[in-house]
Each structure stands twice: as structure tokens, then as C-alpha cells.
Amino acid sequence: MAFETIRKSSAPEMVAEQIIEKITSGELAPGTQLPAQRELAQMLGVGRSSVREAINALVVMGYLAPLQGKGTFIKDVLPTIDPGIEKLAAAFSAGSIFDLMEARELLECRSAALAAERADAVQILNLKAAMKKVEGTKSDYAIFLDADIQFHAAVADAAGNVVLCELTKLVLEKVVAHHNELKTALLPPAYRDVSIRTAARVVEAIETGDANAAARGMAQHLDAIRDELKNIIG
């Protein structure tokens with residue numbers, strides 16, 4: 001298939017528009033695998049970062065589905081409404097959090113595993129106190145977000161690695177900025193329920209010293225936001 005070389009400054013948006021056009025025209029059929037990012041970048045004459053941004057946005061919008069270890073595929077069930085400029089812009093704002101989520105997964109899953117191996121009695125109590133705050137803030141999203149950030153900071157502290165803890169705090173500052181920008185208070189209560197439930201699993205695994213379960217629980221906890229991103233721009 002042929003793509004047009006992109007020469008405009010808004011490369012990620014143009015990449016997304018071309019992919020949408022090929023999906024809606026049927027040239028890229030549902031279930032079809034998208035070319036690899038490196039190949040797409042060469043075909044379009046843009047950097048891989050532009051292709052990655054476009055793919056992240058189209059995942060948020062419901063056009064694409066990434067399958068770990070296999071690639072990115074056109075979804076079987078596609079959006080029925082024309083995305084429009086505003087929705088595309090919102091998707092790029094939401095999609096930018098994907099890179100942040102990758103960094104969080106690398107840092108926080110490892111932190112959870114280390115916490116399960118190293119946390120002392122005081123740190124376990126701090127984790128439980130943070131978890132209790134999270135559980136008690138379902139009605140107010142701003143308070144819930146603040147409590148959730150405190151929970152993640154407590155996990156990082158329990159990992160017993162100063163550098164890992166400081167890196168996690170820096171990432172969490174960016175998380176708060178993204179939440180404010182994306183107005184994630186619009187996320188449904190069901191998301192909070194999943195977030196609370198998975199966070200509780202992390203605390204339980206850390207308390208019992210199960211490093212693998214703690215890492216898995218943290219991965220599930222972080223996955224919850226990915227599953228709900230499309231609600232922000234719906």
C-alpha cells in the first residue's frame with residue numbers, strides 16, 4: 001500500500017489522519033496488522049516518535065489495538081462517528097500518557113516487587129493507611145487522586161531504594177499534571193472501583209512477601225487507566 005510523504009509540521013496528526021482515512025476507505029480492513037512503526041515512519045517520511053504518538057492516539061480513539069509481542073492491529077469493531085479535529089486533539093492529549101504509563105510500569109512494578117521483599121512493619125502500616133485513604137475517597141475524584149498518589153509513593157518508599165523512590169516521585173508529578181490536563185474526574189466510578197481493588201491486591205501481596213504477585217497487582221492497577229482513557233474523549 002502507498003502512503004503520502006508528510007511535509008507539514010503537525011506530523012503526528014497527519015499520520016493519524018492518513019491511517020484513519022485508509023481504515024474508513026477499507027484499504028486497512030478490520031483485523032489487519034498495521035506495518036511496524038519503523039516501516040511506517042519510512043513510508044511516511046516522519047520520525048518514529050510521530051508514528052508512536054499517532055498510534056497511541058488511535059488506540060485511545062478505538063481504531064487500533066496493540067497486542068504485546070505481535071504488533072498493532074485494526075480493531076474489529078470501529079468507531080461509527082467521524083472523529084473531527086477536536087476529538088483527534090483530545091486523543092493526542094490522552095495518548096501522550098501512554099509513554100508515561102510505560103515508565104510507571106517499569107518503575108512501579110519493580111518497586112512493588114522490592115517492597116514485598118524488603119518492607120518493614122512501619123512501612124506496611126503506612127501502606128495500609130494509604131490504602132484506607134484511597135478506599136474512603138470514592139465520592140470525590142480530586143481527593144481520590146491525591147490518595148492514590150500517596151499510595152504509590154508509599155509503595156516506592158517501601159521498596160527501600162532511594163533512587164527508585166526519587167524517580168517514582170518525579171513521574172508521579174507528571175501523572176498529576178496529566179490528570180489535570182485530561183480532566184480525568186470525568187472517569188466513571190467503575191474505574192475507581194477497579195483501581196481500589198487492584199491496589200488492595202498490591203498491599204496484600206507486599207504484606208505476605210509475594211514479590212511476583214505484587215508486581216502483577218501493580219501492573220493490573222496501572223492497566224486500569226489505559227482501559228478508561230477513551231471515556232475522557234468520548
# chains A, B, ... in the order shown; residues from 1 in each chain; ligands from 1
call {"tool": "residues_around", "arguments": {"residues": "range 193-199 of chain A", "least_positions_apart": "2", "cutoff": "6 Å", "atoms": "only C-alpha atoms", "output": "number ranges by chain"}}
result
A: 190-191, 201-202, 217, 221
call {"tool": "write_last_selection", "arguments": {"atoms": "C-alpha atoms", "output": "JSON list (two decimals), in the first residue's frame"}}
result
[["chain", "number", "residue", "atom", "x", "y", "z"],
["A", 190, "ALA", "CA", -16.34, 1.84, 37.96],
["A", 191, "TYR", "CA", -12.75, 2.85, 37.18],
["A", 201, "ARG", "CA", -4.08, -6.73, 45.96],
["A", 202, "VAL", "CA", -0.73, -4.95, 45.81],
["A", 217, "GLY", "CA", -1.08, -6.50, 41.00],
["A", 221, "HIS", "CA", -3.62, -1.41, 38.78]]
call {"tool": "select_by_dssp", "arguments": {"residues": "range 17-100 of chain A", "states": "strand (DSSP E or B)", "output": "list in words"}}
result
Gln33, Leu64, Ala65, Pro66, Leu67, Gly71, Thr72, Phe73 and Ile74 of chain A
call {"tool": "atom_distance", "arguments": {"atom1": "CA of Glu27 in chain A", "atom2": "CA of Ala54 in chain A"}}
result
18.0 Å
call {"tool": "atom_distance", "arguments": {"atom1": "CA of Ala113 in chain A", "atom2": "CA of Asp99 in chain A"}}
result
21.6 Å
call {"tool": "residues_around", "arguments": {"residues": "Ala57 in chain A", "least_positions_apart": "5", "cutoff": "10 Å", "atoms": "only C-alpha atoms", "output": "list of chain:residue names"}}
result
A:Pro12, A:Glu13, A:Ala16, A:Val51, A:Arg52, A:Gly62, A:Tyr63, A:Leu64, A:Lys87, A:Leu88, A:Ala89, A:Ala90, A:Ala91, A:Phe92, A:Ser93, A:Ala94, A:Gly95, A:Ser96, A:Ile97, A:Phe98, A:Lys230
call {"tool": "write_last_selection", "arguments": {"atoms": "N, CA, C and O atoms", "output": "mmCIF file, in the first residue's frame"}}
result
data_model
loop_
_atom_site.group_PDB
_atom_site.id
_atom_site.type_symbol
_atom_site.label_atom_id
_atom_site.label_comp_id
_atom_site.auth_asym_id
_atom_site.auth_seq_id
_atom_site.Cartn_x
_atom_site.Cartn_y
_atom_site.Cartn_z
ATOM 1 N N PRO A 12 2.442 14.100 13.705
ATOM 2 C CA PRO A 12 1.630 13.050 14.332
ATOM 3 C C PRO A 12 0.158 13.105 13.915
ATOM 4 O O PRO A 12 -0.461 12.068 13.638
ATOM 5 N N GLU A 13 -0.411 14.327 13.862
ATOM 6 C CA GLU A 13 -1.810 14.462 13.456
ATOM 7 C C GLU A 13 -2.016 13.994 12.018
ATOM 8 O O GLU A 13 -3.006 13.325 11.704
ATOM 9 N N ALA A 16 -1.978 10.237 11.854
ATOM 10 C CA ALA A 16 -3.252 9.698 12.340
ATOM 11 C C ALA A 16 -4.348 9.853 11.293
ATOM 12 O O ALA A 16 -5.138 8.928 11.058
ATOM 13 N N VAL A 51 5.057 8.631 14.611
ATOM 14 C CA VAL A 51 4.229 7.443 14.369
ATOM 15 C C VAL A 51 3.712 6.887 15.689
ATOM 16 O O VAL A 51 2.539 6.535 15.810
ATOM 17 N N ARG A 52 4.584 6.850 16.706
ATOM 18 C CA ARG A 52 4.168 6.321 18.004
ATOM 19 C C ARG A 52 3.055 7.181 18.606
ATOM 20 O O ARG A 52 2.081 6.664 19.147
ATOM 21 N N GLY A 62 -10.058 4.159 19.625
ATOM 22 C CA GLY A 62 -10.734 2.900 19.334
ATOM 23 C C GLY A 62 -10.541 2.365 17.935
ATOM 24 O O GLY A 62 -11.242 1.436 17.520
ATOM 25 N N TYR A 63 -9.559 2.907 17.199
ATOM 26 C CA TYR A 63 -9.278 2.406 15.850
ATOM 27 C C TYR A 63 -8.265 1.265 15.858
ATOM 28 O O TYR A 63 -8.316 0.380 15.004
ATOM 29 N N LEU A 64 -7.321 1.311 16.781
ATOM 30 C CA LEU A 64 -6.234 0.347 16.810
ATOM 31 C C LEU A 64 -6.178 -0.393 18.138
ATOM 32 O O LEU A 64 -6.628 0.123 19.166
ATOM 33 N N LYS A 87 -11.848 15.989 18.651
ATOM 34 C CA LYS A 87 -11.701 14.663 19.239
ATOM 35 C C LYS A 87 -10.308 14.109 18.981
ATOM 36 O O LYS A 87 -9.707 13.465 19.843
ATOM 37 N N LEU A 88 -9.763 14.388 17.805
ATOM 38 C CA LEU A 88 -8.409 13.946 17.483
ATOM 39 C C LEU A 88 -7.402 14.630 18.397
ATOM 40 O O LEU A 88 -6.479 13.998 18.913
ATOM 41 N N ALA A 89 -7.597 15.923 18.624
ATOM 42 C CA ALA A 89 -6.700 16.663 19.516
ATOM 43 C C ALA A 89 -6.772 16.117 20.936
ATOM 44 O O ALA A 89 -5.747 15.961 21.616
ATOM 45 N N ALA A 90 -7.989 15.810 21.379
ATOM 46 C CA ALA A 90 -8.163 15.244 22.719
ATOM 47 C C ALA A 90 -7.495 13.879 22.825
ATOM 48 O O ALA A 90 -6.915 13.533 23.846
ATOM 49 N N ALA A 91 -7.567 13.110 21.745
ATOM 50 C CA ALA A 91 -6.946 11.789 21.735
ATOM 51 C C ALA A 91 -5.436 11.895 21.849
ATOM 52 O O ALA A 91 -4.795 11.073 22.501
ATOM 53 N N PHE A 92 -4.850 12.917 21.215
ATOM 54 C CA PHE A 92 -3.405 13.097 21.328
ATOM 55 C C PHE A 92 -3.029 13.477 22.755
ATOM 56 O O PHE A 92 -1.998 13.040 23.264
ATOM 57 N N SER A 93 -3.853 14.283 23.397
ATOM 58 C CA SER A 93 -3.589 14.634 24.793
ATOM 59 C C SER A 93 -3.651 13.399 25.677
ATOM 60 O O SER A 93 -2.804 13.183 26.544
ATOM 61 N N ALA A 94 -4.665 12.562 25.438
ATOM 62 C CA ALA A 94 -4.810 11.335 26.213
ATOM 63 C C ALA A 94 -3.720 10.336 25.855
ATOM 64 O O ALA A 94 -3.157 9.667 26.713
ATOM 65 N N GLY A 95 -3.400 10.253 24.560
ATOM 66 C CA GLY A 95 -2.411 9.284 24.106
ATOM 67 C C GLY A 95 -1.026 9.542 24.654
ATOM 68 O O GLY A 95 -0.235 8.614 24.819
ATOM 69 N N SER A 96 -0.719 10.796 24.953
ATOM 70 C CA SER A 96 0.615 11.118 25.460
ATOM 71 C C SER A 96 0.873 10.471 26.812
ATOM 72 O O SER A 96 2.028 10.312 27.220
ATOM 73 N N ILE A 97 -0.183 10.088 27.497
ATOM 74 C CA ILE A 97 0.003 9.455 28.806
ATOM 75 C C ILE A 97 0.504 8.015 28.659
ATOM 76 O O ILE A 97 1.000 7.421 29.614
ATOM 77 N N PHE A 98 0.389 7.444 27.452
ATOM 78 C CA PHE A 98 0.844 6.069 27.245
ATOM 79 C C PHE A 98 2.334 5.926 27.532
ATOM 80 O O PHE A 98 2.767 4.941 28.134
ATOM 81 N N LYS A 230 -10.425 6.148 26.790
ATOM 82 C CA LYS A 230 -11.380 6.572 25.769
ATOM 83 C C LYS A 230 -12.596 7.262 26.362
ATOM 84 O O LYS A 230 -13.287 8.015 25.668
#
call {"tool": "atom_distance", "arguments": {"atom1": "CA of Pro189 in chain A", "atom2": "CA of Lys133 in chain A"}}
result
16.3 Å
call {"tool": "residues_around", "arguments": {"residues": "Val176 in chain A", "least_positions_apart": "3", "cutoff": "9 Å", "atoms": "only C-alpha atoms", "output": "list in words"}}
result
Leu145, Asp146, Ile149, Val171, Leu172, Glu173, His179, Asn180 and Glu181 of chain A
call {"tool": "closest_residue", "arguments": {"among": "A:Glu105, A:Lys75, A:Met14, A:Ser111", "to": "Val163 in chain A", "atoms": "only C-alpha atoms"}}
result
A:Ser111
call {"tool": "closest_residue", "arguments": {"among": "A:Phe73, A:Phe3, A:Phe151, A:Tyr141", "to": "Ala129 in chain A", "atoms": "only C-alpha atoms"}}
result
A:Phe151
call {"tool": "closest_residue", "arguments": {"among": "A:Ala211, A:Leu164, A:Val175, A:Ala219", "to": "Arg118 in chain A", "atoms": "only C-alpha atoms"}}
result
A:Ala211
call {"tool": "select_by_dssp", "arguments": {"residues": "chain A", "states": "alpha helix (DSSP H)", "output": "JSON, numbers by chain"}}
result
{"A": [11, 12, 13, 14, 15, 16, 17, 18, 19, 20, 21, 22, 23, 24, 37, 38, 39, 40, 41, 42, 43, 44, 48, 49, 50, 51, 52, 53, 54, 55, 56, 57, 58, 59, 60, 61, 84, 85, 86, 87, 88, 89, 90, 91, 92, 93, 94, 95, 97, 98, 99, 100, 101, 102, 103, 104, 105, 106, 107, 108, 109, 110, 111, 112, 113, 114, 115, 116, 117, 118, 121, 122, 123, 124, 125, 126, 127, 128, 129, 130, 131, 132, 133, 134, 135, 141, 142, 143, 144, 145, 146, 147, 148, 149, 150, 151, 152, 153, 154, 155, 156, 157, 158, 162, 163, 164, 165, 166, 167, 168, 169, 170, 171, 172, 173, 174, 175, 176, 177, 178, 179, 180, 181, 182, 189, 190, 191, 192, 193, 194, 195, 196, 197, 198, 199, 200, 201, 202, 203, 204, 205, 206, 207, 208, 211, 212, 213, 214, 215, 216, 217, 218, 219, 220, 221, 222, 223, 224, 225, 226, 227, 228, 229, 230, 231, 232, 233]}
call {"tool": "closest_residue", "arguments": {"among": "A:Gln220, A:Gln42, A:Thr32, A:Ser139", "to": "Ala200 in chain A", "atoms": "only C-alpha atoms"}}
result
A:Gln220
call {"tool": "closest_residue", "arguments": {"among": "A:Leu100, A:Ala153, A:Ile225, A:Ala177", "to": "Cys165 in chain A", "atoms": "only C-alpha atoms"}}
result
A:Ala153
call {"tool": "closest_residue", "arguments": {"among": "A:Pro30, A:Gly136, A:Glu53, A:Met43", "to": "Ala65 in chain A", "atoms": "only C-alpha atoms"}}
result
A:Pro30
